[in-house]
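A.B. asks: Sending over a structure as structure tokens; questions will come in a sec.
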Amino acid sequence: MCAAQNTTISVVIVNYNVRYLLEQCLHSLRRSSDGITLQVIVVDNASTDGSVGYLRERFSEVEFIQLEENIGFAKANNIGLKKCTSEFILILNPDTVIGEDTLPTLIRFLRENPRCGLVTPKLIRKDGALDMACRRSLPTPWVAFTRISGLSHLFPSTKFFAQYNLTYLDENQPTRIGAMTGAFMLMPAEVYQKVGGFDETFFMYGEDIDLCARIADAGYELHYRPEVTSIHYRGESTRRSSLDKTKAFYGAMLLFARKHYRGWARGYGLPLLKTGILLAKWGVRIWEIAISVWPLIVDAVLTAIAINLGQLIRWGIWLNLTNDYRILIATVILVVLTLAATGAYSATERQLPKSALKGAIFAGFVSGSFTFYLLPKVMFTRAVVLISTALWCIFLPGWRYLLFKAGQTRFARGLRRRTAIIVGTDEFAKLMGEQLVREQREYELAGFVRYRKEVVNSNFGYDPLGTIDELERIVETERVSDVFFSTGGASYIEIVTLANRLAPQGVHFKVLSADAPGSALPLFGVDWQTPMGWRASWRRVQRRWRM
């Protein structure tokens, strides 16, 4: 008899404004419960998207607990945990999709390893890459410092620095770990009864590591089992929260340290951890400042150039060394402040040139007033001011206008436009493809890909680009950025395997559930946190020009 037969599992899910993702999660639970009796408890953290009303009529077997305020992940989970009555308990995030073999395999492992108090599968993100949080070490002073200071990212293959996310290990290697993410935690009920639930002093972040530490302290082992894989659309609930996530993460790390560090670790570890947090905060702040001040720097340089061009035109001298440079600096500051006052740094992209023009004119008026009436002996000559003002009116709105027009070119629009394929040739896939073309302007549908055993109906109306055996080639030749998997022709196991295969190509994938066709189209509109930095843009340039 299969180890999962006659097994009961209580599943606790805390939801916050992700009803469509939760719908897919609940469907995947249904499909993975063969031979398993599930008690599913959804605790809704005061969602504003109508989650409970939408899902209650679709999942009558699920117990919904609707809270009137967002009380945090730990407290909400504890409310659900108190209602668990099964042999095993699964803490699950709503933005997960589990494979049909996940629960039976992990239940079998728990039965065969009674010392295991907590187990998790391999979790992959929406781009098919490993979710690093699913296998971690407990944050000792040194481990926490390397994580917060960035050393673990600089040396991901070195055990001495990379213990936090265990990146020096093969991601397909089963291993005993120190901690795991709260997105998927499976435990025997007796473990929960022994250690209790989450520490409610943690609001967001840290509560899962704290629970792992307490389970380890109780004498149990924690295991990572990559022979089964599930999807984790990481961060979708927290993205919808107004909480400062960076501050919450650092605060949770300090709270964990104060609670668990003892002796020398407390005496030396807390200062080391605080030093790491300080370095990390300064690094983030410097990066934010660098991103935000570059238009100001461009304006300052162009303003100074315009003033010197005015002197060149009037006196034939590029740099008038007899002038007091404090006047030059003061004028640059005046122009920048005027631009800020007229909205040249805050208006919409289309309105920026007009705002900059207003700022340049006003700055010229103020500078001219000082020159003509208030400080005629120390300011620039009238001619220099007039020439400089004319140049400001060209330079300052000009570079903004050119940048805006460059963004409207066919090439720039091509970089922003995303090319998609749909894996599946069933009627549901066809319906989604037609809706994608008709209603989602940011996507260009390249075509459909057939599952290996899928038979294409004669009235499907589209010639498939190939089969899943050719998926990597199709993604490369069609320069695909997004892959939609239809569940109408495949299991979640097959979809997860395919998504994992595509991880090296950096595409993003989404699962369109044939069990819930009404939820598929809204999924197209979800902000999937696609990276838009220079690396992502360069990757798109490479795809477009086959580099």
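Ligands are numbered from 1 in the order shown, residues from 1 within each chain, and chains are lettered A, B, ... in the order they appear in the structure tokens.
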Using only C-alpha atoms, I'd like a table of the residues in stretch 244-315 of chain A that come within 12 Å of stretch 127-139 of chain A; for each, show the closest atom pair and its distance in Å rounded to one decimal, ordered by chain and ascending number, as JSON lines.
C.D. replies:
```
{"residue": "A:Ala252", "atom": "CA", "partner": "A:Pro139", "partner_atom": "CA", "distance": 11.4}
{"residue": "A:Met253", "atom": "CA", "partner": "A:Pro139", "partner_atom": "CA", "distance": 8.3}
{"residue": "A:Leu254", "atom": "CA", "partner": "A:Pro139", "partner_atom": "CA", "distance": 10.5}
{"residue": "A:Leu255", "atom": "CA", "partner": "A:Pro139", "partner_atom": "CA", "distance": 11.7}
{"residue": "A:Phe256", "atom": "CA", "partner": "A:Pro139", "partner_atom": "CA", "distance": 8.6}
{"residue": "A:Ala257", "atom": "CA", "partner": "A:Pro139", "partner_atom": "CA", "distance": 8.2}
{"residue": "A:Arg258", "atom": "CA", "partner": "A:Pro139", "partner_atom": "CA", "distance": 11.9}
{"residue": "A:His260", "atom": "CA", "partner": "A:Pro139", "partner_atom": "CA", "distance": 9.8}
{"residue": "A:Tyr261", "atom": "CA", "partner": "A:Pro139", "partner_atom": "CA", "distance": 9.8}
{"residue": "A:Ala265", "atom": "CA", "partner": "A:Pro139", "partner_atom": "CA", "distance": 11.1}
{"residue": "A:Gly269", "atom": "CA", "partner": "A:Pro139", "partner_atom": "CA", "distance": 10.4}
{"residue": "A:Leu270", "atom": "CA", "partner": "A:Pro139", "partner_atom": "CA", "distance": 11.6}
{"residue": "A:Leu273", "atom": "CA", "partner": "A:Pro139", "partner_atom": "CA", "distance": 9.9}
```
A.B. asks: Can you spit out the residues from that selection as a PDB file, in the first residue's frame, using N, CA and C atoms?
C.D. replies:
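Output contents, as saved in result19.pdb:
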```
ATOM      1  N   ALA A 252      13.171  41.816  11.467  1.00  0.00           N
ATOM      2  CA  ALA A 252      12.946  40.409  11.809  1.00  0.00           C
ATOM      3  C   ALA A 252      14.261  39.706  12.122  1.00  0.00           C
ATOM      4  N   MET A 253      15.313  40.048  11.373  1.00  0.00           N
ATOM      5  CA  MET A 253      16.613  39.442  11.624  1.00  0.00           C
ATOM      6  C   MET A 253      17.128  39.806  13.017  1.00  0.00           C
ATOM      7  N   LEU A 254      16.971  41.073  13.406  1.00  0.00           N
ATOM      8  CA  LEU A 254      17.392  41.500  14.742  1.00  0.00           C
ATOM      9  C   LEU A 254      16.549  40.836  15.828  1.00  0.00           C
ATOM     10  N   LEU A 255      15.241  40.723  15.583  1.00  0.00           N
ATOM     11  CA  LEU A 255      14.357  40.080  16.549  1.00  0.00           C
ATOM     12  C   LEU A 255      14.754  38.624  16.751  1.00  0.00           C
ATOM     13  N   PHE A 256      15.083  37.942  15.665  1.00  0.00           N
ATOM     14  CA  PHE A 256      15.524  36.554  15.765  1.00  0.00           C
ATOM     15  C   PHE A 256      16.815  36.461  16.576  1.00  0.00           C
ATOM     16  N   ALA A 257      17.747  37.366  16.315  1.00  0.00           N
ATOM     17  CA  ALA A 257      19.040  37.341  17.010  1.00  0.00           C
ATOM     18  C   ALA A 257      18.857  37.558  18.508  1.00  0.00           C
ATOM     19  N   ARG A 258      18.043  38.545  18.877  1.00  0.00           N
ATOM     20  CA  ARG A 258      17.826  38.820  20.295  1.00  0.00           C
ATOM     21  C   ARG A 258      17.162  37.636  20.996  1.00  0.00           C
ATOM     22  N   HIS A 260      17.369  34.273  19.988  1.00  0.00           N
ATOM     23  CA  HIS A 260      18.060  32.983  19.917  1.00  0.00           C
ATOM     24  C   HIS A 260      19.552  33.044  20.230  1.00  0.00           C
ATOM     25  N   TYR A 261      20.175  34.202  20.112  1.00  0.00           N
ATOM     26  CA  TYR A 261      21.610  34.255  20.375  1.00  0.00           C
ATOM     27  C   TYR A 261      21.871  34.213  21.879  1.00  0.00           C
ATOM     28  N   ALA A 265      27.723  34.545  21.214  1.00  0.00           N
ATOM     29  CA  ALA A 265      26.972  34.902  20.002  1.00  0.00           C
ATOM     30  C   ALA A 265      26.165  36.170  20.229  1.00  0.00           C
ATOM     31  N   GLY A 269      27.772  38.671  18.307  1.00  0.00           N
ATOM     32  CA  GLY A 269      26.941  38.490  17.124  1.00  0.00           C
ATOM     33  C   GLY A 269      26.012  39.655  16.860  1.00  0.00           C
ATOM     34  N   LEU A 270      25.395  40.196  17.918  1.00  0.00           N
ATOM     35  CA  LEU A 270      24.482  41.318  17.717  1.00  0.00           C
ATOM     36  C   LEU A 270      25.178  42.546  17.130  1.00  0.00           C
ATOM     37  N   LEU A 273      25.860  41.746  13.513  1.00  0.00           N
ATOM     38  CA  LEU A 273      24.626  41.787  12.729  1.00  0.00           C
ATOM     39  C   LEU A 273      24.189  43.225  12.477  1.00  0.00           C
TER      40      LEU A 273
END
```
A.B. asks: Quick check for you: according to DSSP on this backbone, which residues of stretch 158-304 of chain A are classed as alpha helix (DSSP H)? Reply as a count of residues only.
C.D. replies: 74
A.B. asks: Atom CA of A:Leu357 and atom CA of A:Gly316, how far apart in Å?
C.D. replies: 27.1 Å
A.B. asks: Quick one, how far is atom CA of A:Val12 from atom CA of A:Thr96?
C.D. replies: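 Atom-to-atom, atom CA of A:Val12 to atom CA of A:Thr96, that is 12.6 Å.
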A.B. asks: Within stretch 43-115 of chain A, find each residue whose DSSP state, derived from the backbone, is strand (DSSP E or B), and express the selection as an MDAnalysis selection string.
C.D. replies: chainID A and resid 43:44 63:66 88:92 96:98
A.B. asks: Emit the selected residues as a CSV table (one decimal), in the first residue's frame, including N, CA and C atoms.
C.D. replies:
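Written out: out03.csv:
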```csv
chain,number,residue,atom,x,y,z
A,43,VAL,N,-7.2,31.3,5.8
A,43,VAL,CA,-7.3,32.5,6.7
A,43,VAL,C,-7.1,33.7,5.8
A,44,ASP,N,-8.1,34.5,5.6
A,44,ASP,CA,-8.0,35.7,4.8
A,44,ASP,C,-7.7,36.9,5.6
A,63,GLU,N,-12.6,25.5,4.4
A,63,GLU,CA,-13.0,26.3,5.5
A,63,GLU,C,-12.4,27.7,5.4
A,64,PHE,N,-13.2,28.8,5.2
A,64,PHE,CA,-12.6,30.1,5.1
A,64,PHE,C,-12.8,30.8,6.4
A,65,ILE,N,-11.8,31.5,6.9
A,65,ILE,CA,-11.8,32.4,8.1
A,65,ILE,C,-11.5,33.8,7.6
A,66,GLN,N,-12.5,34.7,7.7
A,66,GLN,CA,-12.3,36.0,7.2
A,66,GLN,C,-12.0,37.0,8.3
A,88,PHE,N,-1.0,15.1,9.7
A,88,PHE,CA,0.1,16.0,9.3
A,88,PHE,C,-0.5,17.4,9.0
A,89,ILE,N,0.4,18.4,9.1
A,89,ILE,CA,0.1,19.8,8.9
A,89,ILE,C,0.9,20.3,7.8
A,90,LEU,N,0.3,21.0,6.9
A,90,LEU,CA,1.0,21.7,5.8
A,90,LEU,C,0.7,23.2,5.9
A,91,ILE,N,1.8,24.0,6.0
A,91,ILE,CA,1.7,25.4,5.9
A,91,ILE,C,2.1,25.8,4.5
A,92,LEU,N,1.1,26.5,3.8
A,92,LEU,CA,1.3,26.7,2.4
A,92,LEU,C,1.0,28.1,2.0
A,96,THR,N,1.4,29.4,-4.5
A,96,THR,CA,2.2,28.2,-4.8
A,96,THR,C,1.3,27.2,-5.6
A,97,VAL,N,1.9,26.4,-6.5
A,97,VAL,CA,1.2,25.4,-7.2
A,97,VAL,C,2.0,24.1,-7.0
A,98,ILE,N,1.4,23.1,-6.4
A,98,ILE,CA,2.1,21.9,-6.1
A,98,ILE,C,1.8,20.8,-7.1
```
A.B. asks: Between atom CA of A:Asn15 and atom CA of A:Asn93, measure the distance and give it in Å to one decimal.
C.D. replies: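 Here the two named atoms are 7.6 Å from each other.
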A.B. asks: Neighbouring residues of A:Thr342 were defined as those with any atom within 12 Å, considering only C-alpha atoms; residues of the same chain fewer than 4 positions away were excluded. Please report them as a list in words.
C.D. replies: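 The residues satisfying every condition are Val335, Val336, Leu337, Thr338, Ser346, Ala347, Gln351, Leu352, Pro353, Lys354, Ser355, Ala356, Leu357, Lys358, Gly359, Ala360, Ile361, Phe362 and Ala363 of chain A.
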A.B. asks: Write to file, as a PDB file, in the first residue's frame, the residues of the selection just made, with N, CA and C atoms.
C.D. replies:
```pdb
ATOM      1  N   VAL A 335      19.093  77.055 -10.804  1.00  0.00           N
ATOM      2  CA  VAL A 335      18.403  76.416 -11.928  1.00  0.00           C
ATOM      3  C   VAL A 335      17.804  75.078 -11.518  1.00  0.00           C
ATOM      4  N   VAL A 336      18.585  74.259 -10.804  1.00  0.00           N
ATOM      5  CA  VAL A 336      18.106  72.942 -10.390  1.00  0.00           C
ATOM      6  C   VAL A 336      16.899  73.068  -9.463  1.00  0.00           C
ATOM      7  N   LEU A 337      16.961  73.994  -8.504  1.00  0.00           N
ATOM      8  CA  LEU A 337      15.829  74.195  -7.586  1.00  0.00           C
ATOM      9  C   LEU A 337      14.589  74.680  -8.351  1.00  0.00           C
ATOM     10  N   THR A 338      14.803  75.537  -9.331  1.00  0.00           N
ATOM     11  CA  THR A 338      13.676  76.032 -10.132  1.00  0.00           C
ATOM     12  C   THR A 338      13.046  74.904 -10.938  1.00  0.00           C
ATOM     13  N   SER A 346       9.324  65.409 -11.492  1.00  0.00           N
ATOM     14  CA  SER A 346       8.200  64.638 -10.969  1.00  0.00           C
ATOM     15  C   SER A 346       7.022  64.517 -11.908  1.00  0.00           C
ATOM     16  N   ALA A 347       7.005  65.257 -13.005  1.00  0.00           N
ATOM     17  CA  ALA A 347       5.878  65.202 -13.932  1.00  0.00           C
ATOM     18  C   ALA A 347       5.891  63.887 -14.709  1.00  0.00           C
ATOM     19  N   GLN A 351       5.112  65.151 -19.981  1.00  0.00           N
ATOM     20  CA  GLN A 351       5.068  66.532 -19.538  1.00  0.00           C
ATOM     21  C   GLN A 351       6.424  67.073 -19.078  1.00  0.00           C
ATOM     22  N   LEU A 352       7.422  66.201 -18.956  1.00  0.00           N
ATOM     23  CA  LEU A 352       8.727  66.638 -18.454  1.00  0.00           C
ATOM     24  C   LEU A 352       9.352  67.758 -19.286  1.00  0.00           C
ATOM     25  N   PRO A 353       9.374  67.677 -20.627  1.00  0.00           N
ATOM     26  CA  PRO A 353       9.990  68.771 -21.407  1.00  0.00           C
ATOM     27  C   PRO A 353       9.317  70.122 -21.160  1.00  0.00           C
ATOM     28  N   LYS A 354       7.984  70.127 -21.095  1.00  0.00           N
ATOM     29  CA  LYS A 354       7.260  71.376 -20.860  1.00  0.00           C
ATOM     30  C   LYS A 354       7.590  71.943 -19.470  1.00  0.00           C
ATOM     31  N   SER A 355       7.656  71.065 -18.465  1.00  0.00           N
ATOM     32  CA  SER A 355       7.990  71.517 -17.113  1.00  0.00           C
ATOM     33  C   SER A 355       9.407  72.063 -17.056  1.00  0.00           C
ATOM     34  N   ALA A 356      10.328  71.405 -17.760  1.00  0.00           N
ATOM     35  CA  ALA A 356      11.715  71.878 -17.788  1.00  0.00           C
ATOM     36  C   ALA A 356      11.828  73.234 -18.491  1.00  0.00           C
ATOM     37  N   LEU A 357      11.037  73.452 -19.545  1.00  0.00           N
ATOM     38  CA  LEU A 357      11.047  74.736 -20.253  1.00  0.00           C
ATOM     39  C   LEU A 357      10.577  75.853 -19.325  1.00  0.00           C
ATOM     40  N   LYS A 358       9.506  75.573 -18.573  1.00  0.00           N
ATOM     41  CA  LYS A 358       9.021  76.575 -17.621  1.00  0.00           C
ATOM     42  C   LYS A 358      10.098  76.886 -16.583  1.00  0.00           C
ATOM     43  N   GLY A 359      10.753  75.855 -16.095  1.00  0.00           N
ATOM     44  CA  GLY A 359      11.801  76.051 -15.105  1.00  0.00           C
ATOM     45  C   GLY A 359      12.965  76.858 -15.649  1.00  0.00           C
ATOM     46  N   ALA A 360      13.359  76.583 -16.905  1.00  0.00           N
ATOM     47  CA  ALA A 360      14.477  77.314 -17.509  1.00  0.00           C
ATOM     48  C   ALA A 360      14.144  78.789 -17.675  1.00  0.00           C
ATOM     49  N   ILE A 361      12.921  79.081 -18.110  1.00  0.00           N
ATOM     50  CA  ILE A 361      12.510  80.487 -18.292  1.00  0.00           C
ATOM     51  C   ILE A 361      12.485  81.214 -16.955  1.00  0.00           C
ATOM     52  N   PHE A 362      11.911  80.556 -15.956  1.00  0.00           N
ATOM     53  CA  PHE A 362      11.814  81.192 -14.636  1.00  0.00           C
ATOM     54  C   PHE A 362      13.205  81.389 -14.030  1.00  0.00           C
ATOM     55  N   ALA A 363      14.097  80.383 -14.204  1.00  0.00           N
ATOM     56  CA  ALA A 363      15.462  80.512 -13.689  1.00  0.00           C
ATOM     57  C   ALA A 363      16.186  81.681 -14.365  1.00  0.00           C
TER      58      ALA A 363
END
```
A.B. asks: With only C-alpha atoms as the atoms that count, which of A:Asp34, A:Glu207, A:Glu171, A:Glu427 lies nearest to A:Asn77?
C.D. replies: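 The answer is A:Glu207, which sits nearest to A:Asn77.
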